[in-house]
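See below for the structure under consideration.
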Protein chains: 2
Amino acid sequence: MKSMANIYDVYEDRCPTRMVLDRIADKWALLILDKLRRDAVRFNLLRREIKGISQKVLSQTLKKLERDGLISRQAFPTVPVTVEYSLTPLGRTLTDTVAALAHWAEGNMDAVMAAQRAYDERTVV
Amino acid sequence: MKSMANIYDVYEDRCPTRMVLDRIADKWALLILDKLRRDAVRFNLLRREIKGISQKVLSQTLKKLERDGLISRQAFPTVPVTVEYSLTPLGRTLTDTVAALAHWAEGNMDAVMAAQRAYDERTVV
DNA sequence: CGGTATCCTTAGGGATACTG
DNA sequence: CAGTATCCCTAAGGATACCG
C-alpha cells in the first residue's frame, strides 16, 4: 500500500484535471460507480453483474475507489462475512456525470461501430 | 490495423455501455477530446498542451478516436505538412459530458487527495 | 463470502532514430 | 511538421491456489 502513496509525485505541473482523470478515467471504476448508483452492493454480486472483471481487478479497483473517497466498504459480522460497498457523499456527486457517460455510450454505440466499419473499409482495403 | 477490426469480439454479451466505455474511458482520449472542444488543433500543439503524452501514444489515441468517428483528421498541403484534428458532429455530442468530468475533477481534487491521505493514515500506519 | 498470494504472460508504452 | 519503425521493459491483468 505504501507504493500508492506517491502516485501524484509524477505530476510536477499542477493540472488537477489530469490528476483526477487519471483516477476515474478507468472502465472498471466507472462501471462500479454506475452499479452502486442505486444502492449498496456486495462483492460477489458486483463481480457477477460486471461480467468479465476478475476477482483481482475488482478487488484492486474497489480499494482505489475507497482510497479516493468515492465509495465506502462496510463489513458485517455474519458467517460467512458479508461486505457491502456503497457510494460516499463525494462519490454521489460524480454519479450523474458517470450516468451521462453511460447514457451516451448506449445511445451512440451504433454510430461508433458504424464509424469503425467505415474507417476500416477506407484504410484496410 | 487489421488487428483492431475485431476489438468487439471479446464481448459476447451485448452490453453497449461496456463496449463504448472501454473506448472512451481513457485518460488520454478524454484529454484530447477536451482540448479539441474549442477548435481544431495541430498534432504538435496537442502534444505540447497535453504534457506527458508521448508522440507514439498521442498518435495511437488520435487514430482510435478517428476510427470511432469522434474526431476527424485534415492534412493541409503546406511545406512542411500541417495536420489539424477536430471534433466530428458525433464527437461534439460527447464534449459536454467530458467537460463535466473535467469540471468535477477540478472541483473535487482536493477532496480526493484528502481522502487518500486519510485512508493511508488509517491503513499504512 | 470476500478476499490475498503467487506465478506467469503479454501488450502497453517509453526512448530513440528515421522519413515524406 | 507529423508522423512511423524498432527495441526494450515493466507493470497490468489472467489463472490458480489458499485463507479468515
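Every chain in the C-alpha cells takes a letter, A first, then B, and so on in the order presented; its residues are numbered from 1, and the ligands are numbered from 1 following the presented order.
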
Region 28-124 of chain B: which residues are helix (DSSP H, G or I) by DSSP, as a PyMOL selection string? chain B and resi 28-35+43-49+55-67+89-123

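Residues from chain A found within 9 Å of chain D are Ser54, Lys56 and Val57 of chain A, counting only C-alpha atoms (C1' of nucleotides).
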
Mind dumping a table of every chain A residue within 12 Å of chain C, with the nearest atom pair and its distance in Å to one decimal, using only C-alpha atoms (C1' of nucleotides), sorted by chain and rising number, as CSV?
residue,atom,partner,partner_atom,distance
A:Arg42,CA,C:DG2,C1',9.1
A:Phe43,CA,C:DG2,C1',6.8
A:Asn44,CA,C:DG2,C1',7.6
A:Leu45,CA,C:DC1,C1',10.6
A:Leu46,CA,C:DG2,C1',11.6
A:Arg47,CA,C:DG2,C1',11.0
A:Gln55,CA,C:DG3,C1',8.5
A:Lys56,CA,C:DG3,C1',8.9
A:Val57,CA,C:DG3,C1',11.7
A:Leu58,CA,C:DG3,C1',10.5
A:Ser59,CA,C:DG3,C1',7.8
A:Gln60,CA,C:DG3,C1',10.7
A:Leu62,CA,C:DG3,C1',11.8
A:Lys63,CA,C:DG3,C1',11.7
A:Arg73,CA,C:DG2,C1',11.8
A:Gln74,CA,C:DG2,C1',11.9
A:Ala75,CA,C:DG2,C1',9.7
A:Phe76,CA,C:DC1,C1',10.9
A:Pro77,CA,C:DC1,C1',11.1
A:Thr78,CA,C:DC1,C1',9.4
A:Val79,CA,C:DC1,C1',8.1
A:Pro80,CA,C:DC1,C1',5.3
A:Val81,CA,C:DC1,C1',5.6
A:Thr82,CA,C:DC1,C1',6.2
A:Val83,CA,C:DG2,C1',7.2
A:Glu84,CA,C:DG2,C1',10.3
A:Tyr85,CA,C:DG2,C1',11.9

By how many Å are CA of Ala115 (chain B) and CA of Ile50 (chain B) apart? 26.6 Å

Could you write out as an MDAnalysis selection string the residues of chain B within 9 Å of chain A, counting only C-alpha atoms? chainID B and resid 1:2 4:5 11 13 15:28 30:31 51:52 66:70 90 93:94 97:98 100:120 123:124

Report chain A as a CSV table (one decimal) with C-alpha atoms, in the first residue's frame in the frame of chain B, after least-squares superposition over all C-alpha atoms paired in order.
chain,number,residue,atom,x,y,z
A,1,MET,CA,-4.8,-2.1,-38.5
A,2,LYS,CA,-6.3,-5.4,-39.3
A,3,SER,CA,-5.9,-6.4,-35.7
A,4,MET,CA,-8.2,-3.6,-34.5
A,5,ALA,CA,-11.1,-4.8,-36.5
A,6,ASN,CA,-12.2,-7.5,-34.1
A,7,ILE,CA,-12.0,-5.5,-31.0
A,8,TYR,CA,-15.6,-6.1,-30.1
A,9,ASP,CA,-15.4,-9.8,-30.5
A,10,VAL,CA,-14.5,-10.4,-26.9
A,11,TYR,CA,-17.8,-9.1,-25.8
A,12,GLU,CA,-20.2,-12.0,-26.2
A,13,ASP,CA,-22.8,-10.4,-24.1
A,14,ARG,CA,-24.4,-7.2,-25.6
A,15,CYS,CA,-23.7,-4.5,-23.1
A,16,PRO,CA,-23.2,-1.4,-25.1
A,17,THR,CA,-22.1,0.6,-22.1
A,18,ARG,CA,-19.2,-1.6,-21.6
A,19,MET,CA,-18.2,-1.6,-25.2
A,20,VAL,CA,-18.1,2.1,-25.6
A,21,LEU,CA,-16.9,2.8,-22.1
A,22,ASP,CA,-13.9,0.6,-23.0
A,23,ARG,CA,-13.2,3.0,-25.8
A,24,ILE,CA,-13.7,6.4,-24.2
A,25,ALA,CA,-12.8,5.6,-20.6
A,26,ASP,CA,-9.2,6.5,-21.3
A,27,LYS,CA,-7.3,9.4,-19.7
A,28,TRP,CA,-5.6,10.5,-22.9
A,29,ALA,CA,-8.7,10.2,-25.1
A,30,LEU,CA,-10.7,12.3,-22.7
A,31,LEU,CA,-7.9,14.9,-22.5
A,32,ILE,CA,-7.7,15.1,-26.3
A,33,LEU,CA,-11.5,15.5,-26.6
A,34,ASP,CA,-11.4,18.2,-24.1
A,35,LYS,CA,-8.6,20.1,-25.9
A,36,LEU,CA,-10.5,20.0,-29.2
A,37,ARG,CA,-13.6,21.4,-27.5
A,38,ARG,CA,-13.0,24.9,-28.8
A,39,ASP,CA,-11.5,24.4,-32.2
A,40,ALA,CA,-9.2,22.3,-34.4
A,41,VAL,CA,-5.7,21.7,-33.1
A,42,ARG,CA,-2.5,20.6,-34.8
A,43,PHE,CA,-0.6,17.5,-33.8
A,44,ASN,CA,2.4,19.0,-32.1
A,45,LEU,CA,0.4,21.7,-30.4
A,46,LEU,CA,-1.8,19.0,-29.0
A,47,ARG,CA,1.3,17.2,-27.9
A,48,ARG,CA,2.6,20.3,-26.1
A,49,GLU,CA,-0.7,21.1,-24.4
A,50,ILE,CA,-1.1,17.6,-23.1
A,51,LYS,CA,2.0,17.4,-21.1
A,52,GLY,CA,3.4,13.9,-20.5
A,53,ILE,CA,1.9,12.2,-23.5
A,54,SER,CA,4.4,10.7,-25.8
A,55,GLN,CA,4.3,11.1,-29.6
A,56,LYS,CA,3.5,7.4,-30.0
A,57,VAL,CA,0.6,7.4,-27.6
A,58,LEU,CA,-0.8,10.6,-29.0
A,59,SER,CA,-0.6,9.2,-32.4
A,60,GLN,CA,-2.3,6.0,-31.4
A,61,THR,CA,-5.0,7.7,-29.4
A,62,LEU,CA,-5.8,10.1,-32.2
A,63,LYS,CA,-6.1,7.2,-34.6
A,64,LYS,CA,-8.5,5.3,-32.3
A,65,LEU,CA,-10.7,8.4,-31.8
A,66,GLU,CA,-10.7,9.0,-35.6
A,67,ARG,CA,-11.7,5.3,-36.1
A,68,ASP,CA,-14.5,5.7,-33.6
A,69,GLY,CA,-15.8,8.7,-35.5
A,70,LEU,CA,-15.2,11.1,-32.7
A,71,ILE,CA,-12.6,13.3,-34.4
A,72,SER,CA,-11.5,14.0,-37.9
A,73,ARG,CA,-8.1,14.5,-39.4
A,74,GLN,CA,-7.4,17.1,-42.0
A,75,ALA,CA,-4.0,17.4,-43.7
A,76,PHE,CA,-3.0,20.6,-45.5
A,77,PRO,CA,-0.5,20.5,-48.3
A,78,THR,CA,1.8,23.0,-46.8
A,79,VAL,CA,5.6,22.6,-46.5
A,80,PRO,CA,6.1,21.0,-44.1
A,81,VAL,CA,2.7,19.4,-43.9
A,82,THR,CA,0.1,20.7,-41.4
A,83,VAL,CA,-2.4,18.4,-39.8
A,84,GLU,CA,-5.4,19.6,-37.9
A,85,TYR,CA,-7.6,17.4,-35.7
A,86,SER,CA,-11.1,18.5,-34.9
A,87,LEU,CA,-14.3,17.1,-33.4
A,88,THR,CA,-16.9,15.5,-35.6
A,89,PRO,CA,-20.5,16.1,-35.0
A,90,LEU,CA,-20.6,12.8,-33.1
A,91,GLY,CA,-17.6,13.8,-31.1
A,92,ARG,CA,-19.3,17.1,-30.3
A,93,THR,CA,-22.2,15.3,-28.6
A,94,LEU,CA,-19.7,13.9,-26.1
A,95,THR,CA,-17.9,17.1,-25.1
A,96,ASP,CA,-20.4,18.3,-22.6
A,97,THR,CA,-20.1,15.1,-20.6
A,98,VAL,CA,-16.3,15.2,-20.9
A,99,ALA,CA,-16.3,18.8,-19.8
A,100,ALA,CA,-18.5,17.8,-16.8
A,101,LEU,CA,-16.0,15.1,-15.9
A,102,ALA,CA,-13.1,17.6,-16.2
A,103,HIS,CA,-15.1,20.1,-14.1
A,104,TRP,CA,-15.7,17.5,-11.5
A,105,ALA,CA,-12.0,16.7,-11.4
A,106,GLU,CA,-11.1,20.3,-10.9
A,107,GLY,CA,-13.7,20.9,-8.2
A,108,ASN,CA,-13.0,17.7,-6.2
A,109,MET,CA,-9.3,17.1,-6.5
A,110,ASP,CA,-8.7,18.5,-3.0
A,111,ALA,CA,-11.4,16.2,-1.5
A,112,VAL,CA,-9.9,13.2,-3.3
A,113,MET,CA,-6.4,13.9,-2.1
A,114,ALA,CA,-7.6,14.5,1.4
A,115,ALA,CA,-9.4,11.2,1.3
A,116,GLN,CA,-6.3,9.5,0.1
A,117,ARG,CA,-4.3,10.9,3.0
A,118,ALA,CA,-6.9,9.9,5.5
A,119,TYR,CA,-7.0,6.4,4.0
A,120,ASP,CA,-3.2,6.0,4.1
A,121,GLU,CA,-3.1,7.1,7.7
A,122,ARG,CA,-5.7,4.6,8.6
A,123,THR,CA,-4.1,1.6,6.7
A,124,VAL,CA,-0.4,2.2,6.3
A,125,VAL,CA,0.3,3.1,10.0

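Here the DSSP assignment of strand (DSSP E), based on backbone atoms, applies within chain A to Val41, Arg42, Ile71, Ser72, Arg73, Gln74, Ala75, Phe76, Thr82, Val83, Glu84, Tyr85, Ser86 and Leu87 of chain A.
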